[in-house]
file target-v6.cif (mmCIF, C-alpha atoms and all ligand atoms)
data_upload
#
loop_
_atom_site.label_atom_id
_atom_site.label_comp_id
_atom_site.auth_asym_id
_atom_site.auth_seq_id
_atom_site.Cartn_x
_atom_site.Cartn_y
_atom_site.Cartn_z
CA MET A 5 91.52 262.73 -196.70
CA ARG A 6 92.50 264.48 -193.47
CA ASN A 7 89.77 264.70 -190.91
CA ARG A 8 90.21 267.92 -189.01
CA HIS A 9 87.49 268.52 -186.47
CA PHE A 10 86.60 272.18 -186.38
CA GLU A 11 85.11 273.61 -183.26
CA VAL A 12 82.50 276.26 -184.10
CA SER A 13 81.72 278.49 -181.10
CA PRO A 14 79.18 281.31 -181.53
CA THR A 15 80.40 284.66 -180.21
CA SER A 16 77.09 286.44 -179.63
CA GLY A 17 73.36 285.75 -179.79
CA ALA A 18 73.16 287.51 -183.15
CA LEU A 19 76.04 286.48 -185.38
CA GLY A 20 79.69 285.46 -185.46
CA ALA A 21 81.50 282.25 -184.54
CA PHE A 22 85.07 281.33 -183.68
CA ILE A 23 86.53 278.44 -185.66
CA GLU A 24 89.14 276.46 -183.75
CA GLY A 25 91.23 273.49 -184.76
CA VAL A 26 92.16 274.55 -188.26
CA ASP A 27 95.47 275.74 -189.68
CA LEU A 28 94.70 277.85 -192.74
CA SER A 29 98.29 277.80 -193.95
CA GLU A 30 97.61 274.23 -195.13
CA PRO A 31 95.47 273.67 -198.24
CA LEU A 32 91.86 272.88 -197.32
CA ASP A 33 90.21 269.76 -198.66
CA ASP A 34 86.69 269.90 -200.15
CA ASP A 35 85.05 268.63 -196.98
CA GLU A 36 86.70 271.37 -194.94
CA VAL A 37 85.61 274.03 -197.42
CA VAL A 38 82.01 272.81 -197.16
CA LYS A 39 82.16 272.92 -193.36
CA LEU A 40 83.55 276.45 -193.33
CA ARG A 41 81.00 277.61 -195.89
CA ASN A 42 78.21 276.13 -193.76
CA ALA A 43 79.60 277.93 -190.70
CA LEU A 44 79.76 281.19 -192.68
CA ASN A 45 76.16 280.78 -193.86
CA ALA A 46 74.97 279.96 -190.35
CA HIS A 47 76.86 282.72 -188.49
CA GLY A 48 77.47 285.50 -191.07
CA VAL A 49 81.09 286.01 -189.98
CA ILE A 50 83.67 283.48 -188.82
CA PHE A 51 86.80 284.28 -186.83
CA PHE A 52 90.17 282.55 -186.60
CA ARG A 53 93.15 283.21 -184.34
CA ASP A 54 96.92 282.76 -184.84
CA GLN A 55 96.86 282.36 -188.61
CA LYS A 56 100.18 283.88 -189.63
CA LEU A 57 99.63 283.32 -193.32
CA THR A 58 101.90 284.43 -196.12
CA PRO A 59 100.15 286.61 -198.74
CA GLU A 60 100.12 283.57 -201.06
CA GLN A 61 98.40 281.42 -198.38
CA HIS A 62 95.89 284.19 -197.68
CA ILE A 63 94.97 284.38 -201.38
CA ALA A 64 94.87 280.58 -201.72
CA PHE A 65 92.48 280.31 -198.74
CA ALA A 66 90.10 282.92 -200.20
CA GLU A 67 90.21 281.29 -203.65
CA ARG A 68 88.75 278.08 -202.18
CA PHE A 69 85.46 280.04 -201.81
CA GLY A 70 85.40 281.77 -205.20
CA PRO A 71 87.39 283.97 -207.58
CA ILE A 72 89.04 287.09 -206.15
CA ASP A 73 87.17 290.38 -206.65
CA ILE A 74 89.91 293.03 -206.85
CA ASN A 75 88.82 296.29 -205.23
CA ARG A 76 89.21 299.23 -207.63
CA PHE A 77 89.79 301.89 -204.99
CA PHE A 78 92.01 300.48 -202.24
CA LYS A 79 95.78 300.54 -202.60
CA ALA A 80 97.06 296.99 -202.97
CA ALA A 81 99.64 295.38 -200.70
CA PRO A 82 103.02 295.77 -202.46
CA GLY A 83 103.40 293.02 -205.05
CA TYR A 84 99.89 291.55 -204.47
CA PRO A 85 97.12 293.16 -206.55
CA GLN A 86 94.59 290.69 -205.05
CA ILE A 87 95.21 292.02 -201.52
CA ALA A 88 93.70 295.38 -200.53
CA GLU A 89 95.58 297.17 -197.79
CA VAL A 90 93.47 298.55 -194.94
CA ARG A 91 95.96 300.76 -193.14
CA LYS A 92 96.08 303.66 -190.74
CA GLU A 93 99.37 305.25 -189.66
CA PRO A 94 99.96 306.87 -186.25
CA GLU A 95 99.75 310.40 -187.68
CA GLN A 96 96.52 309.75 -189.64
CA LYS A 97 92.98 310.48 -188.43
CA THR A 98 90.78 308.86 -191.11
CA ASN A 99 90.45 305.10 -191.04
CA ILE A 100 89.16 302.86 -193.83
CA GLY A 101 85.68 301.43 -193.27
CA GLY A 102 84.84 303.61 -190.25
CA GLY A 103 81.07 303.56 -190.76
CA TRP A 104 78.42 300.87 -191.24
CA HIS A 105 78.66 299.35 -194.69
CA THR A 106 78.85 296.19 -196.71
CA ASP A 107 81.62 295.96 -199.30
CA HIS A 108 80.91 296.39 -203.00
CA SER A 109 77.10 296.80 -202.77
CA TYR A 110 77.52 299.38 -205.59
CA ASP A 111 78.45 296.54 -207.96
CA GLN A 112 75.81 294.83 -210.12
CA ILE A 113 77.09 291.58 -208.68
CA PRO A 114 78.30 292.39 -205.16
CA ALA A 115 81.07 290.45 -203.50
CA LEU A 116 80.33 287.23 -201.62
CA GLY A 117 82.55 288.17 -198.72
CA SER A 118 85.94 289.31 -197.52
CA VAL A 119 88.79 287.64 -195.66
CA LEU A 120 90.50 290.24 -193.47
CA LEU A 121 93.82 289.28 -191.88
CA ALA A 122 95.44 291.39 -189.13
CA ARG A 123 99.11 292.12 -189.85
CA GLU A 124 99.69 294.81 -187.23
CA THR A 125 97.28 295.86 -184.50
CA PRO A 126 97.21 298.79 -182.08
CA THR A 127 97.88 298.08 -178.40
CA ARG A 128 94.18 298.65 -177.73
CA GLY A 129 91.14 299.53 -179.81
CA GLY A 130 90.73 299.06 -183.56
CA ASP A 131 87.97 296.45 -183.15
CA THR A 132 85.49 295.65 -185.90
CA VAL A 133 81.76 295.49 -185.18
CA PHE A 134 79.48 293.31 -187.31
CA ALA A 135 75.69 293.37 -187.58
CA CYS A 136 73.30 290.66 -188.77
CA MET A 137 70.91 291.79 -191.50
CA ASN A 138 68.72 288.70 -191.18
CA ARG A 139 68.03 289.53 -187.51
CA ALA A 140 67.42 293.15 -188.49
CA TYR A 141 64.90 292.09 -191.13
CA GLU A 142 63.13 289.57 -188.91
CA ALA A 143 62.62 292.16 -186.14
CA LEU A 144 60.60 294.48 -188.42
CA SER A 145 56.78 294.50 -188.37
CA ASP A 146 54.93 292.40 -190.93
CA GLY A 147 53.61 295.62 -192.48
CA LEU A 148 57.03 297.15 -193.02
CA LYS A 149 58.47 293.82 -194.24
CA LYS A 150 55.73 293.71 -196.89
CA THR A 151 56.43 297.29 -198.01
CA LEU A 152 60.18 296.69 -198.17
CA GLU A 153 59.75 293.49 -200.18
CA SER A 154 58.20 295.54 -202.97
CA LEU A 155 61.13 297.98 -203.12
CA ARG A 156 64.48 298.14 -204.84
CA ALA A 157 67.29 300.51 -203.92
CA VAL A 158 70.12 302.21 -205.78
CA HIS A 159 73.66 301.77 -204.45
CA SER A 160 76.55 303.88 -205.75
CA SER A 161 80.31 304.20 -205.39
CA ARG A 162 80.36 307.81 -206.66
CA HIS A 163 79.83 309.77 -203.44
CA VAL A 164 82.21 307.50 -201.45
CA PHE A 165 85.14 306.87 -203.80
CA GLY A 166 84.72 309.77 -206.30
CA ALA A 167 87.13 312.72 -206.38
CA ASN A 168 84.86 315.05 -204.38
CA SER A 169 84.43 312.68 -201.46
CA ALA A 170 85.69 313.83 -198.04
CA TYR A 171 86.52 310.19 -197.34
CA VAL A 172 88.88 310.01 -200.33
CA LYS A 173 90.42 313.36 -199.36
CA GLY A 174 91.02 312.08 -195.81
CA ALA A 175 92.66 308.87 -197.00
CA SER A 176 94.19 309.95 -200.32
CA ASP A 177 97.39 307.99 -199.69
CA ARG A 178 95.36 304.76 -199.27
CA LEU A 179 92.44 305.20 -201.69
CA GLY A 180 92.77 306.07 -205.36
CA ASN A 181 91.41 305.56 -208.84
CA SER A 182 88.52 307.94 -208.10
CA GLU A 183 87.79 308.31 -211.83
CA ALA A 184 86.61 304.67 -211.71
CA ALA A 185 83.88 305.53 -209.16
CA THR A 186 81.09 305.26 -211.72
CA GLN A 187 79.16 302.24 -210.47
CA ASP A 188 75.45 302.41 -209.72
CA ALA A 189 73.51 299.24 -209.06
CA GLU A 190 69.91 298.42 -208.21
CA HIS A 191 69.25 295.64 -205.75
CA PRO A 192 66.14 294.39 -203.94
CA VAL A 193 65.78 295.91 -200.46
CA VAL A 194 65.03 292.44 -199.13
CA LEU A 195 67.16 289.60 -200.50
CA ARG A 196 66.85 285.90 -200.11
CA HIS A 197 70.37 284.79 -199.28
CA PRO A 198 71.56 282.62 -202.20
CA GLU A 199 72.87 279.87 -199.93
CA SER A 200 71.09 279.97 -196.56
CA GLY A 201 67.72 281.04 -198.03
CA LYS A 202 67.29 283.52 -195.14
CA LYS A 203 65.77 286.93 -195.79
CA ILE A 204 68.22 289.81 -195.52
CA LEU A 205 67.73 293.57 -195.24
CA TYR A 206 70.04 294.83 -198.00
CA VAL A 207 70.58 298.58 -197.67
CA ASN A 208 73.54 300.30 -196.01
CA SER A 209 74.28 303.88 -195.06
CA ALA A 210 77.58 304.07 -196.96
CA PHE A 211 76.46 303.13 -200.45
CA THR A 212 72.63 303.14 -200.69
CA THR A 213 71.44 306.46 -202.12
CA HIS A 214 67.65 306.04 -202.55
CA PHE A 215 64.80 303.70 -203.39
CA VAL A 216 64.11 303.11 -207.07
CA ASP A 217 61.32 305.50 -208.28
CA TRP A 218 61.61 307.55 -205.06
CA THR A 219 63.63 310.76 -204.77
CA PRO A 220 66.59 310.80 -202.35
CA GLN A 221 64.56 313.22 -200.17
CA GLU A 222 61.56 310.88 -200.09
CA SER A 223 63.83 307.89 -199.39
CA ALA A 224 65.85 309.48 -196.58
CA PRO A 225 63.37 309.13 -193.65
CA LEU A 226 62.70 305.43 -194.27
CA LEU A 227 66.37 304.68 -194.95
CA GLU A 228 67.36 306.52 -191.75
CA TYR A 229 64.80 304.48 -189.83
CA LEU A 230 66.22 301.24 -191.25
CA TYR A 231 69.84 302.24 -190.53
CA LYS A 232 69.00 303.05 -186.90
CA HIS A 233 66.98 299.88 -186.50
CA ALA A 234 69.62 297.60 -188.07
CA ALA A 235 72.42 299.09 -185.95
CA ARG A 236 70.73 298.00 -182.70
CA ALA A 237 73.18 296.39 -180.27
CA GLU A 238 71.27 293.10 -180.15
CA PHE A 239 72.03 292.45 -183.83
CA GLN A 240 75.79 292.89 -183.33
CA CYS A 241 78.99 291.20 -182.33
CA ARG A 242 82.38 292.87 -181.78
CA PHE A 243 85.75 291.39 -182.69
CA GLN A 244 89.03 292.28 -180.99
CA TRP A 245 91.99 291.74 -183.27
CA GLN A 246 95.40 290.28 -182.59
CA GLU A 247 98.19 289.82 -185.13
CA GLY A 248 97.24 286.75 -187.18
CA SER A 249 93.48 287.02 -186.48
CA ILE A 250 91.16 286.56 -189.44
CA ALA A 251 87.54 287.62 -189.92
CA PHE A 252 85.77 286.10 -192.91
CA TRP A 253 82.40 287.78 -193.40
CA ASP A 254 79.48 287.37 -195.74
CA ASN A 255 78.87 290.67 -197.50
CA ARG A 256 75.23 289.91 -198.26
CA SER A 257 74.04 289.07 -194.76
CA THR A 258 76.16 291.38 -192.59
CA TRP A 259 77.29 294.95 -192.14
CA HIS A 260 80.62 295.87 -190.59
CA TYR A 261 82.17 298.94 -188.98
CA ALA A 262 85.90 299.49 -188.29
CA VAL A 263 86.12 301.37 -184.98
CA ASN A 264 88.48 304.36 -185.21
CA ASP A 265 89.57 304.67 -181.56
CA TYR A 266 93.35 304.16 -181.77
CA HIS A 267 94.79 307.49 -182.94
CA GLY A 268 98.57 307.60 -182.61
CA GLU A 269 99.02 303.88 -183.35
CA ARG A 270 99.40 301.84 -186.52
CA ARG A 271 96.86 299.28 -187.74
CA LEU A 272 97.54 297.25 -190.89
CA MET A 273 95.13 294.68 -192.27
CA HIS A 274 95.13 292.71 -195.51
CA ARG A 275 91.78 292.15 -197.19
CA VAL A 276 91.01 289.66 -199.94
CA THR A 277 87.49 289.95 -201.34
CA ILE A 278 85.69 287.04 -202.98
CA ALA A 279 83.36 287.51 -205.97
CA GLY A 280 79.67 286.71 -205.49
CA GLY A 281 76.72 285.87 -207.74
CA PRO A 282 73.65 287.87 -208.86
CA LEU A 283 71.26 288.88 -206.06
CA GLU A 284 67.49 288.45 -206.27
C1 LIG B 301 86.70 297.06 -194.14
O1 LIG B 301 85.76 297.82 -194.05
O2 LIG B 301 86.78 296.27 -195.07
C2 LIG B 301 87.79 297.07 -193.10
C3 LIG B 301 87.32 296.62 -191.78
C4 LIG B 301 88.38 296.75 -190.73
O3 LIG B 301 89.47 297.24 -190.99
O4 LIG B 301 88.11 296.37 -189.60
#

call {"tool": "encode", "arguments": {"input": "target-v6.cif", "output": "structure tokens"}}
result
Amino acid sequence: MRNRHFEVSPTSGALGAFIEGVDLSEPLDDDEVVKLRNALNAHGVIFFRDQKLTPEQHIAFAERFGPIDINRFFKAAPGYPQIAEVRKEPEQKTNIGGGWHTDHSYDQIPALGSVLLARETPTRGGDTVFACMNRAYEALSDGLKKTLESLRAVHSSRHVFGANSAYVKGASDRLGNSEAATQDAEHPVVLRHPESGKKILYVNSAFTTHFVDWTPQESAPLLEYLYKHAARAEFQCRFQWQEGSIAFWDNRSTWHYAVNDYHGERRLMHRVTIAGGPLE
């Protein structure tokens, strides 16, 4: 067995770590997969530089962590249904993922995580910001934690990927299949992460519509409070992309936000999403 020594260097006080000393174009052995999974569980998102993977190598890397969860709504990279294209052209204004969210929370079994690989980056801007939902949960008062632990929330794809969505209209060349936007899922508002055991605040402003047994109007003030609280700068890290950079994030324990500050330039990313397990 090879014995590659990864360096794991945290990028902020909240979440994120750079992984150095690994070439992801080579197949990973089981020991390496365990080390990377431990780093992902500890830091929420792990970053790699200079990984100029072929699409096949990108898919093979992701498959070491679980089966691929093919996104229904994103256009696929030509010839690779497993790879969702996250693209913005110089003449376009709407970007994909330009608001706080966690991927696939509208599914009954949300994705474990995503492996995003930068193919083409703007000369400046186009960063991605991540936020740690364990830190966000832990910073709440004991009283609010107790209330939230008794609640479940509904998450939906309808208003985001359905035909009437402004988001779909703004990115109609890159998003499609809006008739498939029929998913609604209920999840606990506070999860215990299936691997790290840490408690996670699991609502997000993109997909969560309301608390179960509350109306959307009754839910809105508390959800707005939680969104503002969880987006505090001290729970975040920010990643600057270069061609060949990879971010591999945990969809349960983090939010992410693709910053749309590079109008007039092209940004092309390839995303492979990994299936998760039931959340409770
Ligand atoms: C996404 O939301 O999956 C895309 C994030 C990014 O392009 O930075």

call {"tool": "residues_near_ligand", "arguments": {"input": "target-v6.cif", "ligand": "ligand LIG 301 (chain B)", "cutoff": "9 Å", "atoms": "all atoms listed in the file", "output": "PDB file with C-alpha atoms, in the coordinates of the input"}}
result
ATOM      1  CA  ALA A  88      93.700 295.380-200.530  1.00  0.00           C
ATOM      2  CA  VAL A  90      93.470 298.550-194.940  1.00  0.00           C
ATOM      3  CA  ARG A  91      95.960 300.760-193.140  1.00  0.00           C
ATOM      4  CA  ASN A  99      90.450 305.100-191.040  1.00  0.00           C
ATOM      5  CA  ILE A 100      89.160 302.860-193.830  1.00  0.00           C
ATOM      6  CA  GLY A 101      85.680 301.430-193.270  1.00  0.00           C
ATOM      7  CA  GLY A 102      84.840 303.610-190.250  1.00  0.00           C
ATOM      8  CA  GLY A 103      81.070 303.560-190.760  1.00  0.00           C
ATOM      9  CA  TRP A 104      78.420 300.870-191.240  1.00  0.00           C
ATOM     10  CA  HIS A 105      78.660 299.350-194.690  1.00  0.00           C
ATOM     11  CA  THR A 106      78.850 296.190-196.710  1.00  0.00           C
ATOM     12  CA  ASP A 107      81.620 295.960-199.300  1.00  0.00           C
ATOM     13  CA  SER A 118      85.940 289.310-197.520  1.00  0.00           C
ATOM     14  CA  VAL A 119      88.790 287.640-195.660  1.00  0.00           C
ATOM     15  CA  LEU A 120      90.500 290.240-193.470  1.00  0.00           C
ATOM     16  CA  ALA A 122      95.440 291.390-189.130  1.00  0.00           C
ATOM     17  CA  GLY A 130      90.730 299.060-183.560  1.00  0.00           C
ATOM     18  CA  ASP A 131      87.970 296.450-183.150  1.00  0.00           C
ATOM     19  CA  THR A 132      85.490 295.650-185.900  1.00  0.00           C
ATOM     20  CA  VAL A 133      81.760 295.490-185.180  1.00  0.00           C
ATOM     21  CA  PHE A 243      85.750 291.390-182.690  1.00  0.00           C
ATOM     22  CA  TRP A 245      91.990 291.740-183.270  1.00  0.00           C
ATOM     23  CA  ALA A 251      87.540 287.620-189.920  1.00  0.00           C
ATOM     24  CA  HIS A 260      80.620 295.870-190.590  1.00  0.00           C
ATOM     25  CA  TYR A 261      82.170 298.940-188.980  1.00  0.00           C
ATOM     26  CA  ALA A 262      85.900 299.490-188.290  1.00  0.00           C
ATOM     27  CA  VAL A 263      86.120 301.370-184.980  1.00  0.00           C
ATOM     28  CA  ARG A 271      96.860 299.280-187.740  1.00  0.00           C
ATOM     29  CA  LEU A 272      97.540 297.250-190.890  1.00  0.00           C
ATOM     30  CA  MET A 273      95.130 294.680-192.270  1.00  0.00           C
ATOM     31  CA  HIS A 274      95.130 292.710-195.510  1.00  0.00           C
ATOM     32  CA  ARG A 275      91.780 292.150-197.190  1.00  0.00           C
ATOM     33  CA  THR A 277      87.490 289.950-201.340  1.00  0.00           C
TER      34      THR A 277
END

call {"tool": "closest_residue", "arguments": {"input": "target-v6.cif", "among": "A:Thr125, A:Asn75, A:Thr212, A:Gln244", "to": "Gly268 in chain A", "atoms": "all atoms listed in the file"}}
result
A:Thr125

call {"tool": "closest_residue", "arguments": {"input": "target-v6.cif", "among": "A:Leu283, A:Val49, A:Ala135, A:Val276", "to": "Ile87 in chain A", "atoms": "all atoms listed in the file"}}
result
A:Val276

call {"tool": "atom_distance", "arguments": {"input": "target-v6.cif", "atom1": "CA of Glu247 in chain A", "atom2": "CA of Tyr266 in chain A"}}
result
15.5 Å

call {"tool": "residues_around", "arguments": {"input": "target-v6.cif", "residues": "range 136-146 of chain A", "least_positions_apart": "4", "cutoff": "7 Å", "atoms": "only C-alpha atoms", "output": "list in words"}}
result
Ala18, Leu19, Lys150, Lys202, Lys203, Ile204, Leu205, Ala234, Phe239, Gln240, Ser257, Thr258 and Trp259 of chain A

call {"tool": "closest_residue", "arguments": {"input": "target-v6.cif", "among": "A:Ala189, A:Ile23, A:Val37, A:Tyr229", "to": "Ile50 in chain A", "atoms": "only C-alpha atoms"}}
result
A:Ile23

call {"tool": "residues_near_point", "arguments": {"input": "target-v6.cif", "point": "(80.5, 277.3, -197.4)", "cutoff": "12 Å", "atoms": "only C-alpha atoms", "output": "ChimeraX atom specification"}}
result
/A:34-50,66,68-70,116-117,198-200,252-254

call {"tool": "closest_residue", "arguments": {"input": "target-v6.cif", "among": "A:Ile74, A:Ala237, A:Leu195, A:Leu227", "to": "Ala279 in chain A", "atoms": "only C-alpha atoms"}}
result
A:Ile74

call {"tool": "closest_residue", "arguments": {"input": "target-v6.cif", "among": "A:Arg178, A:Lys56, A:His159, A:Lys149", "to": "Glu89 in chain A", "atoms": "only C-alpha atoms"}}
result
A:Arg178

call {"tool": "axis_aligned_box", "arguments": {"input": "target-v6.cif", "around": "range 160-164 of chain A", "padding_each_side": "4 Å", "output": "lines of an AutoDock Vina configuration file"}}
result
center_x = 79.4
center_y = 306.8
center_z = -204.1
size_x = 13.7
size_y = 13.9
size_z = 13.2

call {"tool": "atom_distance", "arguments": {"input": "target-v6.cif", "atom1": "CA of Trp218 in chain A", "atom2": "CA of Phe77 in chain A"}}
result
28.7 Å

call {"tool": "atom_distance", "arguments": {"input": "target-v6.cif", "atom1": "CA of Glu93 in chain A", "atom2": "CA of Pro126 in chain A"}}
result
10.2 Å

call {"tool": "closest_residue", "arguments": {"input": "target-v6.cif", "among": "A:Glu153, A:Glu11, A:Glu124, A:Asp73", "to": "Pro192 in chain A", "atoms": "all atoms listed in the file"}}
result
A:Glu153

call {"tool": "build_atoms", "arguments": {"input": "target-v6.cif", "residues": "range 236-258 of chain A", "atoms": "N, CA, C and O atoms", "output": "short mmCIF file (atom, residue, chain, number, x, y, z; two decimals), in the frame of the given file"}}
result
data_model
loop_
_atom_site.label_atom_id
_atom_site.label_comp_id
_atom_site.auth_asym_id
_atom_site.auth_seq_id
_atom_site.Cartn_x
_atom_site.Cartn_y
_atom_site.Cartn_z
N ARG A 236 71.00 298.27 -184.12
CA ARG A 236 70.73 298.00 -182.70
C ARG A 236 71.74 296.99 -182.15
O ARG A 236 72.14 296.04 -182.83
N ALA A 237 72.11 297.19 -180.88
CA ALA A 237 73.18 296.39 -180.27
C ALA A 237 72.87 294.90 -180.29
O ALA A 237 73.77 294.07 -180.40
N GLU A 238 71.59 294.54 -180.21
CA GLU A 238 71.27 293.10 -180.15
C GLU A 238 71.46 292.37 -181.47
O GLU A 238 71.34 291.14 -181.51
N PHE A 239 71.75 293.11 -182.54
CA PHE A 239 72.03 292.45 -183.83
C PHE A 239 73.53 292.36 -184.09
O PHE A 239 73.95 292.02 -185.19
N GLN A 240 74.34 292.71 -183.10
CA GLN A 240 75.79 292.89 -183.33
C GLN A 240 76.66 291.86 -182.63
O GLN A 240 76.25 291.24 -181.66
N CYS A 241 77.90 291.77 -183.12
CA CYS A 241 78.99 291.20 -182.33
C CYS A 241 80.22 292.08 -182.59
O CYS A 241 80.26 292.82 -183.58
N ARG A 242 81.19 292.00 -181.68
CA ARG A 242 82.38 292.87 -181.78
C ARG A 242 83.61 292.00 -181.71
O ARG A 242 83.71 291.14 -180.82
N PHE A 243 84.55 292.23 -182.62
CA PHE A 243 85.75 291.39 -182.69
C PHE A 243 86.98 292.19 -182.34
O PHE A 243 87.24 293.24 -182.91
N GLN A 244 87.75 291.67 -181.38
CA GLN A 244 89.03 292.28 -180.99
C GLN A 244 90.14 291.55 -181.73
O GLN A 244 90.28 290.33 -181.60
N TRP A 245 90.95 292.31 -182.43
CA TRP A 245 91.99 291.74 -183.27
C TRP A 245 93.28 291.49 -182.51
O TRP A 245 93.63 292.24 -181.61
N GLN A 246 94.00 290.48 -182.97
CA GLN A 246 95.40 290.28 -182.59
C GLN A 246 96.13 290.00 -183.90
O GLN A 246 95.49 289.58 -184.87
N GLU A 247 97.44 290.17 -183.92
CA GLU A 247 98.19 289.82 -185.13
C GLU A 247 97.87 288.37 -185.48
O GLU A 247 97.90 287.50 -184.60
N GLY A 248 97.56 288.11 -186.74
CA GLY A 248 97.24 286.75 -187.18
C GLY A 248 95.76 286.38 -187.05
O GLY A 248 95.37 285.28 -187.43
N SER A 249 94.94 287.30 -186.51
CA SER A 249 93.48 287.02 -186.48
C SER A 249 92.92 287.21 -187.89
O SER A 249 93.39 288.06 -188.65
N ILE A 250 91.88 286.43 -188.16
CA ILE A 250 91.16 286.56 -189.44
C ILE A 250 89.67 286.69 -189.15
O ILE A 250 89.14 285.98 -188.30
N ALA A 251 89.01 287.60 -189.86
CA ALA A 251 87.54 287.62 -189.92
C ALA A 251 87.16 287.38 -191.37
O ALA A 251 87.67 288.05 -192.27
N PHE A 252 86.29 286.43 -191.57
CA PHE A 252 85.77 286.10 -192.91
C PHE A 252 84.27 286.36 -192.85
O PHE A 252 83.56 285.64 -192.17
N TRP A 253 83.81 287.43 -193.50
CA TRP A 253 82.40 287.78 -193.40
C TRP A 253 81.68 287.63 -194.72
O TRP A 253 82.28 287.70 -195.78
N ASP A 254 80.37 287.44 -194.59
CA ASP A 254 79.48 287.37 -195.74
C ASP A 254 78.97 288.79 -196.00
O ASP A 254 78.34 289.39 -195.13
N ASN A 255 79.25 289.29 -197.19
CA ASN A 255 78.87 290.67 -197.50
C ASN A 255 77.39 290.86 -197.73
O ASN A 255 76.91 291.99 -197.74
N ARG A 256 76.66 289.76 -198.02
CA ARG A 256 75.23 289.91 -198.26
C ARG A 256 74.47 290.01 -196.95
O ARG A 256 73.54 290.78 -196.83
N SER A 257 74.88 289.21 -195.97
CA SER A 257 74.04 289.07 -194.76
C SER A 257 74.52 289.90 -193.58
O SER A 257 73.90 289.84 -192.53
N THR A 258 75.64 290.63 -193.74
CA THR A 258 76.16 291.38 -192.59
C THR A 258 76.56 292.80 -193.01
O THR A 258 76.84 293.07 -194.18
#
